[in-house]
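This is upload32.cif. It holds mmCIF, C-alpha atoms and all ligand atoms.
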```cif
data_protein
loop_
_atom_site.label_atom_id
_atom_site.label_comp_id
_atom_site.auth_asym_id
_atom_site.auth_seq_id
_atom_site.Cartn_x
_atom_site.Cartn_y
_atom_site.Cartn_z
CA MET A 236 -63.21 -74.74 116.08
CA LYS A 237 -61.28 -71.53 116.00
CA TYR A 238 -58.43 -73.02 118.06
CA GLN A 239 -58.13 -75.97 115.67
CA SER A 240 -57.93 -73.83 112.60
CA ILE A 241 -55.10 -71.80 114.19
CA ILE A 242 -53.16 -75.04 114.75
CA VAL A 243 -53.77 -76.07 111.16
CA LEU A 244 -52.55 -72.68 110.05
CA ILE A 245 -49.34 -72.98 112.13
CA ILE A 246 -48.63 -76.46 110.77
CA PHE A 247 -49.20 -75.14 107.27
CA LEU A 248 -46.80 -72.24 107.82
CA LEU A 249 -44.10 -74.50 109.25
CA ALA A 250 -44.38 -76.81 106.27
CA ALA A 251 -44.17 -73.89 103.88
CA CYS A 252 -41.03 -72.52 105.56
CA GLY A 253 -39.33 -75.93 105.56
CA GLY A 254 -40.00 -76.39 101.87
CA GLY A 255 -38.62 -72.96 101.11
CA GLN A 256 -35.11 -73.88 102.22
CA GLU A 257 -34.66 -76.42 99.49
CA GLN A 258 -35.09 -73.90 96.70
CA THR A 259 -31.88 -71.94 97.30
CA GLN A 260 -29.66 -74.86 96.29
CA ASP A 261 -29.30 -74.97 92.53
CA GLN A 262 -28.38 -71.36 91.80
CA ASN A 263 -24.58 -71.23 91.79
CA HIS A 264 -24.29 -73.71 89.02
CA GLN A 265 -21.98 -72.24 86.38
CA PRO A 266 -20.66 -73.93 83.26
CA LYS A 267 -16.95 -74.73 83.40
CA SER A 268 -15.06 -72.48 81.01
CA MET A 269 -13.79 -74.34 77.96
CA LEU A 270 -11.28 -71.56 77.27
CA GLN A 271 -8.88 -71.94 80.17
CA PRO A 272 -5.56 -70.53 78.86
CA GLU A 273 -2.67 -72.95 78.71
CA PRO A 274 -0.07 -72.24 81.39
CA GLU A 275 2.86 -70.22 80.04
CA PRO A 276 5.84 -72.38 79.24
CA GLU A 277 8.91 -71.82 81.41
CA PRO A 278 11.40 -69.66 79.52
CA GLU A 279 14.92 -71.03 79.24
CA SER A 280 17.34 -68.97 81.31
CA GLU A 281 19.94 -67.94 78.69
CA PRO A 282 19.45 -68.59 74.99
CA VAL A 283 22.14 -70.96 73.73
CA VAL A 284 23.50 -69.60 70.48
CA ALA A 285 23.33 -72.45 68.02
CA ASN A 286 23.77 -70.30 64.95
CA GLU A 287 25.90 -67.12 64.95
CA ALA A 288 24.81 -65.96 61.50
CA GLY A 289 21.16 -66.40 62.42
CA LYS A 290 21.64 -64.50 65.67
CA LYS A 291 23.13 -61.57 63.72
CA VAL A 292 20.07 -61.40 61.47
CA TYR A 293 17.81 -61.73 64.51
CA ASP A 294 19.60 -58.94 66.37
CA GLN A 295 19.35 -56.68 63.34
CA TYR A 296 15.79 -57.34 62.14
CA CYS A 297 13.67 -59.16 64.73
CA VAL A 298 14.89 -58.13 68.16
CA VAL A 299 13.21 -54.72 68.12
CA CYS A 300 9.80 -56.37 68.24
CA HIS A 301 10.30 -59.91 69.51
CA GLN A 302 12.98 -58.90 72.09
CA ALA A 303 16.34 -60.46 72.91
CA SER A 304 14.67 -63.16 74.99
CA GLY A 305 12.19 -64.00 72.23
CA GLN A 306 9.42 -63.22 74.73
CA GLY A 307 7.93 -60.40 72.66
CA VAL A 308 5.90 -57.62 74.26
CA PRO A 309 2.51 -58.44 75.80
CA SER A 310 -0.46 -57.35 73.64
CA ALA A 311 1.87 -55.98 70.94
CA PHE A 312 4.46 -58.46 69.69
CA PRO A 313 3.93 -62.19 70.18
CA PRO A 314 6.60 -64.40 71.74
CA LEU A 315 8.77 -66.77 69.69
CA VAL A 316 9.04 -69.17 72.63
CA GLN A 317 7.43 -72.53 71.97
CA THR A 318 4.73 -71.19 69.71
CA GLU A 319 3.01 -73.37 67.12
CA TYR A 320 4.25 -70.97 64.41
CA VAL A 321 7.89 -71.38 65.42
CA ASN A 322 7.91 -75.08 66.23
CA GLY A 323 5.27 -76.08 63.69
CA ASP A 324 5.37 -76.20 59.90
CA ALA A 325 8.67 -74.70 58.64
CA GLY A 326 6.99 -73.52 55.42
CA ARG A 327 4.52 -71.39 57.33
CA MET A 328 7.27 -69.73 59.34
CA ILE A 329 9.28 -69.05 56.16
CA ASP A 330 6.16 -67.49 54.66
CA ILE A 331 5.65 -65.27 57.75
CA VAL A 332 9.25 -64.02 57.66
CA LEU A 333 9.24 -63.39 53.89
CA ASN A 334 5.78 -61.85 53.62
CA GLY A 335 4.96 -60.60 57.09
CA LEU A 336 1.68 -61.25 58.87
CA THR A 337 -1.46 -59.25 59.61
CA GLY A 338 -4.78 -59.99 61.25
CA GLU A 339 -5.86 -61.72 64.41
CA ILE A 340 -3.77 -64.66 65.57
CA GLU A 341 -3.60 -66.55 68.84
CA VAL A 342 -0.16 -67.30 70.22
CA ASN A 343 0.19 -69.36 73.40
CA GLY A 344 -3.31 -68.38 74.53
CA GLU A 345 -2.94 -64.63 73.86
CA VAL A 346 -4.67 -62.87 70.97
CA TYR A 347 -2.61 -60.48 68.81
CA ASN A 348 -4.00 -58.34 66.04
CA SER A 349 -1.12 -56.37 64.66
CA VAL A 350 1.20 -56.08 61.71
CA MET A 351 4.49 -57.81 61.11
CA VAL A 352 6.39 -56.27 58.22
CA ALA A 353 7.66 -58.40 55.32
CA HIS A 354 11.34 -59.34 55.30
CA ASN A 355 11.63 -60.41 51.64
CA PHE A 356 14.69 -58.15 51.28
CA LEU A 357 16.67 -60.76 53.24
CA SER A 358 18.54 -63.39 51.20
CA ASP A 359 17.49 -67.04 51.25
CA ILE A 360 20.45 -67.90 53.46
CA GLU A 361 19.67 -65.04 55.90
CA VAL A 362 16.04 -66.17 56.21
CA ALA A 363 17.16 -69.79 56.68
CA ASP A 364 19.72 -68.76 59.29
CA VAL A 365 17.38 -66.57 61.33
CA ILE A 366 14.61 -69.18 61.32
CA THR A 367 17.07 -71.92 62.28
CA PHE A 368 18.34 -69.65 65.06
CA VAL A 369 14.84 -69.02 66.42
CA ARG A 370 13.82 -72.67 66.10
CA SER A 371 16.84 -73.82 68.14
CA ASN A 372 16.89 -71.09 70.81
CA PHE A 373 14.50 -69.53 73.34
CA GLY A 374 13.66 -73.04 74.57
CA ASN A 375 12.62 -74.16 71.09
CA ASP A 376 13.76 -77.43 69.58
CA ALA A 377 12.61 -77.62 65.97
CA PRO A 378 14.58 -78.76 62.93
CA ALA A 379 16.79 -76.37 60.93
CA VAL A 380 15.60 -74.70 57.74
CA THR A 381 17.72 -74.62 54.58
CA ALA A 382 18.18 -71.86 52.01
CA ASP A 383 16.68 -74.20 49.39
CA GLU A 384 13.43 -74.44 51.36
CA VAL A 385 13.30 -70.64 51.58
CA ALA A 386 14.01 -70.29 47.84
CA ALA A 387 11.22 -72.75 47.01
CA ILE A 388 8.66 -70.77 49.02
CA ARG A 389 9.87 -67.42 47.69
CA THR A 390 9.50 -68.52 44.05
CA ALA A 391 6.16 -70.21 44.64
CA GLN A 392 4.56 -66.79 45.16
C1 LIG B 1 7.88 -54.44 63.42
C2 LIG B 1 7.82 -55.49 64.42
C3 LIG B 1 8.24 -56.89 64.01
C4 LIG B 1 9.44 -57.28 63.45
C5 LIG B 1 10.64 -56.44 63.05
C6 LIG B 1 9.34 -58.73 63.32
N1 LIG B 1 8.12 -59.17 63.76
FE1 LIG B 1 7.48 -61.09 63.81
N2 LIG B 1 5.63 -60.46 64.39
C7 LIG B 1 5.30 -59.15 64.69
C8 LIG B 1 3.89 -59.08 64.97
C9 LIG B 1 3.12 -57.84 65.37
C10 LIG B 1 3.37 -60.38 64.79
C11 LIG B 1 1.89 -60.79 64.93
C12 LIG B 1 1.15 -60.34 63.66
C13 LIG B 1 -0.37 -60.44 63.79
O1 LIG B 1 -0.92 -59.99 64.81
O2 LIG B 1 -1.00 -60.95 62.84
C14 LIG B 1 4.51 -61.23 64.45
C15 LIG B 1 4.44 -62.60 64.27
C16 LIG B 1 5.54 -63.42 64.10
C17 LIG B 1 5.50 -64.88 64.08
C18 LIG B 1 4.26 -65.76 64.26
C19 LIG B 1 3.70 -65.69 65.66
C20 LIG B 1 4.61 -66.22 66.75
O3 LIG B 1 4.91 -65.42 67.66
O4 LIG B 1 5.02 -67.39 66.71
C21 LIG B 1 6.77 -65.30 63.87
C22 LIG B 1 7.25 -66.75 63.78
C23 LIG B 1 7.61 -64.12 63.74
N3 LIG B 1 6.82 -63.01 63.89
C24 LIG B 1 8.99 -64.16 63.50
C25 LIG B 1 9.75 -63.01 63.22
C26 LIG B 1 11.15 -63.05 62.79
C27 LIG B 1 11.99 -64.31 62.66
C28 LIG B 1 11.53 -61.74 62.58
C29 LIG B 1 12.85 -61.22 62.07
C30 LIG B 1 13.24 -61.68 60.73
C31 LIG B 1 10.37 -60.91 62.89
N4 LIG B 1 9.33 -61.72 63.27
C32 LIG B 1 10.37 -59.54 62.83
C33 LIG B 1 6.15 -58.07 64.70
C34 LIG B 1 7.44 -58.07 64.19
#
```
Would you mind writing the file out in structure tokens?
Amino acid sequence: MKYQSIIVLIIFLLAACGGGQEQTQDQNHQPKSMLQPEPEPEPESEPVVANEAGKKVYDQYCVVCHQASGQGVPSAFPPLVQTEYVNGDAGRMIDIVLNGLTGEIEVNGEVYNSVMVAHNFLSDIEVADVITFVRSNFGNDAPAVTADEVAAIRTAQ
């Protein structure tokens, strides 16, 4: 009797150990992140100057923050290279240049929360030129902006 119950016990223990191995499987399951940042676009090597007047305004008023390459400064000044603000709606970009921008924005997968000063002291033609310059350089390819479009947004405020 005693011998048999030891055998039963051993069989029981073996079964218990075998079962235990299956439990370690399902633990490394992690949800796939939905927030994978987009890969950075390749910067163009040298900006092609499509608009001399616009480049002058850029070099005087924008370059200090957004840099000569348009790449900005990480965590401080966002890039002007293939961003939705630069290549997107012209009216929104005119508004940003005229009135500045504050608060949290996401640019090419990076979050910025800083202050861009207003540039409403620039003339309509200067704003049009600088925006046209940015939209056709730094690897961007968005349509030009006219002084009339700038004037319309300035007076709408
Ligand atoms: C004093 C620094 C500074 C200057 C000068 C400046 N910006 Fe900005 N700019 C910023 C900052 C900071 C932001 C982001 C603001 C935020 O976090 O809400 C920004 C945002 C932008 C954006 C929208 C985001 C993006 O990167 O696409 C555009 C477009 C832009 N600036 C264009 C210009 C142009 C054109 C000029 C020159 C007329 C200019 N900026 C001058 C600091 C500056």
Item to check | Between CA of Val321 in chain A and atom O4 of ligand LIG 1 (chain B), distance in Å (one decimal) | outcome: 5.1 Å
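Note that CA of Tyr347 in chain A and CA of Ala386 in chain A are 28.5 Å apart.
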Checklist entry - Could you list, as a ChimeraX atom specification, all the residues within 7 Å of ligand LIG 1 (chain B), counting only C-alpha atoms and all ligand atoms? => result /A:292-293,296-301,311-315,318-321,328,331-332,336-340,342,347-352,354,362,365-366,369
How about saving the chosen residues, C-alpha atoms kept, as a PDB file, in the frame of the given file?
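Final file, selection_5.pdb:
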```pdb
ATOM      1  CA  VAL A 292      20.070 -61.400  61.470  1.00  0.00           C
ATOM      2  CA  TYR A 293      17.810 -61.730  64.510  1.00  0.00           C
ATOM      3  CA  TYR A 296      15.790 -57.340  62.140  1.00  0.00           C
ATOM      4  CA  CYS A 297      13.670 -59.160  64.730  1.00  0.00           C
ATOM      5  CA  VAL A 298      14.890 -58.130  68.160  1.00  0.00           C
ATOM      6  CA  VAL A 299      13.210 -54.720  68.120  1.00  0.00           C
ATOM      7  CA  CYS A 300       9.800 -56.370  68.240  1.00  0.00           C
ATOM      8  CA  HIS A 301      10.300 -59.910  69.510  1.00  0.00           C
ATOM      9  CA  ALA A 311       1.870 -55.980  70.940  1.00  0.00           C
ATOM     10  CA  PHE A 312       4.460 -58.460  69.690  1.00  0.00           C
ATOM     11  CA  PRO A 313       3.930 -62.190  70.180  1.00  0.00           C
ATOM     12  CA  PRO A 314       6.600 -64.400  71.740  1.00  0.00           C
ATOM     13  CA  LEU A 315       8.770 -66.770  69.690  1.00  0.00           C
ATOM     14  CA  THR A 318       4.730 -71.190  69.710  1.00  0.00           C
ATOM     15  CA  GLU A 319       3.010 -73.370  67.120  1.00  0.00           C
ATOM     16  CA  TYR A 320       4.250 -70.970  64.410  1.00  0.00           C
ATOM     17  CA  VAL A 321       7.890 -71.380  65.420  1.00  0.00           C
ATOM     18  CA  MET A 328       7.270 -69.730  59.340  1.00  0.00           C
ATOM     19  CA  ILE A 331       5.650 -65.270  57.750  1.00  0.00           C
ATOM     20  CA  VAL A 332       9.250 -64.020  57.660  1.00  0.00           C
ATOM     21  CA  LEU A 336       1.680 -61.250  58.870  1.00  0.00           C
ATOM     22  CA  THR A 337      -1.460 -59.250  59.610  1.00  0.00           C
ATOM     23  CA  GLY A 338      -4.780 -59.990  61.250  1.00  0.00           C
ATOM     24  CA  GLU A 339      -5.860 -61.720  64.410  1.00  0.00           C
ATOM     25  CA  ILE A 340      -3.770 -64.660  65.570  1.00  0.00           C
ATOM     26  CA  VAL A 342      -0.160 -67.300  70.220  1.00  0.00           C
ATOM     27  CA  TYR A 347      -2.610 -60.480  68.810  1.00  0.00           C
ATOM     28  CA  ASN A 348      -4.000 -58.340  66.040  1.00  0.00           C
ATOM     29  CA  SER A 349      -1.120 -56.370  64.660  1.00  0.00           C
ATOM     30  CA  VAL A 350       1.200 -56.080  61.710  1.00  0.00           C
ATOM     31  CA  MET A 351       4.490 -57.810  61.110  1.00  0.00           C
ATOM     32  CA  VAL A 352       6.390 -56.270  58.220  1.00  0.00           C
ATOM     33  CA  HIS A 354      11.340 -59.340  55.300  1.00  0.00           C
ATOM     34  CA  VAL A 362      16.040 -66.170  56.210  1.00  0.00           C
ATOM     35  CA  VAL A 365      17.380 -66.570  61.330  1.00  0.00           C
ATOM     36  CA  ILE A 366      14.610 -69.180  61.320  1.00  0.00           C
ATOM     37  CA  VAL A 369      14.840 -69.020  66.420  1.00  0.00           C
TER      38      VAL A 369
END
```
Checklist entry - Which residues, written as a VMD selection string, have at least one atom at most 12 Å from range 370-383 of chain A, with only C-alpha atoms counted and residues fewer than 2 positions away on the same chain left out? => result chain A and resid 276 to 287 289 to 290 293 301 to 307 314 to 329 357 to 368 385 to 390
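Computed from the coordinates, the CA of Lys291 in chain A to CA of Ala353 in chain A distance equals 17.9 Å.
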With N, CA and C atoms as the target, complete range 320-345 of chain A and hand it back as a PDB file, keeping the file's coordinate frame.
```
ATOM      1  N   TYR A 320       3.719 -71.531  65.661  1.00  0.00           N
ATOM      2  CA  TYR A 320       4.250 -70.970  64.410  1.00  0.00           C
ATOM      3  C   TYR A 320       5.748 -71.228  64.295  1.00  0.00           C
ATOM      4  N   VAL A 321       6.440 -71.175  65.422  1.00  0.00           N
ATOM      5  CA  VAL A 321       7.890 -71.380  65.420  1.00  0.00           C
ATOM      6  C   VAL A 321       8.220 -72.873  65.343  1.00  0.00           C
ATOM      7  N   ASN A 322       7.569 -73.660  66.169  1.00  0.00           N
ATOM      8  CA  ASN A 322       7.910 -75.080  66.230  1.00  0.00           C
ATOM      9  C   ASN A 322       7.112 -75.930  65.249  1.00  0.00           C
ATOM     10  N   GLY A 323       6.108 -75.321  64.616  1.00  0.00           N
ATOM     11  CA  GLY A 323       5.270 -76.080  63.690  1.00  0.00           C
ATOM     12  C   GLY A 323       5.862 -76.127  62.293  1.00  0.00           C
ATOM     13  N   ASP A 324       4.986 -76.071  61.305  1.00  0.00           N
ATOM     14  CA  ASP A 324       5.370 -76.200  59.900  1.00  0.00           C
ATOM     15  C   ASP A 324       6.415 -75.152  59.502  1.00  0.00           C
ATOM     16  N   ALA A 325       7.579 -75.619  59.014  1.00  0.00           N
ATOM     17  CA  ALA A 325       8.670 -74.700  58.640  1.00  0.00           C
ATOM     18  C   ALA A 325       8.222 -73.778  57.502  1.00  0.00           C
ATOM     19  N   GLY A 326       7.441 -74.322  56.564  1.00  0.00           N
ATOM     20  CA  GLY A 326       6.990 -73.520  55.420  1.00  0.00           C
ATOM     21  C   GLY A 326       6.170 -72.323  55.850  1.00  0.00           C
ATOM     22  N   ARG A 327       5.336 -72.519  56.852  1.00  0.00           N
ATOM     23  CA  ARG A 327       4.520 -71.390  57.330  1.00  0.00           C
ATOM     24  C   ARG A 327       5.389 -70.315  57.957  1.00  0.00           C
ATOM     25  N   MET A 328       6.406 -70.729  58.712  1.00  0.00           N
ATOM     26  CA  MET A 328       7.270 -69.730  59.340  1.00  0.00           C
ATOM     27  C   MET A 328       8.085 -68.988  58.277  1.00  0.00           C
ATOM     28  N   ILE A 329       8.564 -69.713  57.260  1.00  0.00           N
ATOM     29  CA  ILE A 329       9.280 -69.050  56.160  1.00  0.00           C
ATOM     30  C   ILE A 329       8.364 -68.010  55.513  1.00  0.00           C
ATOM     31  N   ASP A 330       7.134 -68.396  55.277  1.00  0.00           N
ATOM     32  CA  ASP A 330       6.160 -67.490  54.660  1.00  0.00           C
ATOM     33  C   ASP A 330       5.943 -66.238  55.527  1.00  0.00           C
ATOM     34  N   ILE A 331       5.852 -66.410  56.850  1.00  0.00           N
ATOM     35  CA  ILE A 331       5.650 -65.270  57.750  1.00  0.00           C
ATOM     36  C   ILE A 331       6.842 -64.314  57.675  1.00  0.00           C
ATOM     37  N   VAL A 332       8.061 -64.879  57.691  1.00  0.00           N
ATOM     38  CA  VAL A 332       9.250 -64.020  57.660  1.00  0.00           C
ATOM     39  C   VAL A 332       9.344 -63.299  56.309  1.00  0.00           C
ATOM     40  N   LEU A 333       9.137 -64.022  55.214  1.00  0.00           N
ATOM     41  CA  LEU A 333       9.240 -63.390  53.890  1.00  0.00           C
ATOM     42  C   LEU A 333       8.155 -62.345  53.661  1.00  0.00           C
ATOM     43  N   ASN A 334       6.924 -62.685  54.027  1.00  0.00           N
ATOM     44  CA  ASN A 334       5.780 -61.850  53.620  1.00  0.00           C
ATOM     45  C   ASN A 334       5.121 -61.079  54.746  1.00  0.00           C
ATOM     46  N   GLY A 335       5.592 -61.281  55.962  1.00  0.00           N
ATOM     47  CA  GLY A 335       4.960 -60.600  57.090  1.00  0.00           C
ATOM     48  C   GLY A 335       3.627 -61.262  57.437  1.00  0.00           C
ATOM     49  N   LEU A 336       2.928 -60.658  58.376  1.00  0.00           N
ATOM     50  CA  LEU A 336       1.680 -61.250  58.870  1.00  0.00           C
ATOM     51  C   LEU A 336       0.779 -60.143  59.407  1.00  0.00           C
ATOM     52  N   THR A 337      -0.498 -60.194  59.030  1.00  0.00           N
ATOM     53  CA  THR A 337      -1.460 -59.250  59.610  1.00  0.00           C
ATOM     54  C   THR A 337      -2.713 -60.009  60.018  1.00  0.00           C
ATOM     55  N   GLY A 338      -3.507 -59.389  60.841  1.00  0.00           N
ATOM     56  CA  GLY A 338      -4.780 -59.990  61.250  1.00  0.00           C
ATOM     57  C   GLY A 338      -4.638 -60.720  62.571  1.00  0.00           C
ATOM     58  N   GLU A 339      -5.818 -61.150  63.064  1.00  0.00           N
ATOM     59  CA  GLU A 339      -5.860 -61.720  64.410  1.00  0.00           C
ATOM     60  C   GLU A 339      -5.237 -63.115  64.441  1.00  0.00           C
ATOM     61  N   ILE A 340      -4.301 -63.312  65.342  1.00  0.00           N
ATOM     62  CA  ILE A 340      -3.770 -64.660  65.570  1.00  0.00           C
ATOM     63  C   ILE A 340      -3.717 -64.913  67.068  1.00  0.00           C
ATOM     64  N   GLU A 341      -3.739 -66.198  67.433  1.00  0.00           N
ATOM     65  CA  GLU A 341      -3.600 -66.550  68.840  1.00  0.00           C
ATOM     66  C   GLU A 341      -2.264 -67.248  69.032  1.00  0.00           C
ATOM     67  N   VAL A 342      -1.475 -66.723  69.958  1.00  0.00           N
ATOM     68  CA  VAL A 342      -0.160 -67.300  70.220  1.00  0.00           C
ATOM     69  C   VAL A 342      -0.063 -67.635  71.700  1.00  0.00           C
ATOM     70  N   ASN A 343       0.091 -68.884  72.013  1.00  0.00           N
ATOM     71  CA  ASN A 343       0.190 -69.360  73.400  1.00  0.00           C
ATOM     72  C   ASN A 343      -0.939 -68.784  74.273  1.00  0.00           C
ATOM     73  N   GLY A 344      -2.148 -68.793  73.738  1.00  0.00           N
ATOM     74  CA  GLY A 344      -3.310 -68.380  74.530  1.00  0.00           C
ATOM     75  C   GLY A 344      -3.600 -66.892  74.531  1.00  0.00           C
ATOM     76  N   GLU A 345      -2.711 -66.083  73.918  1.00  0.00           N
ATOM     77  CA  GLU A 345      -2.940 -64.630  73.860  1.00  0.00           C
ATOM     78  C   GLU A 345      -3.329 -64.258  72.425  1.00  0.00           C
TER      79      GLU A 345
END
```
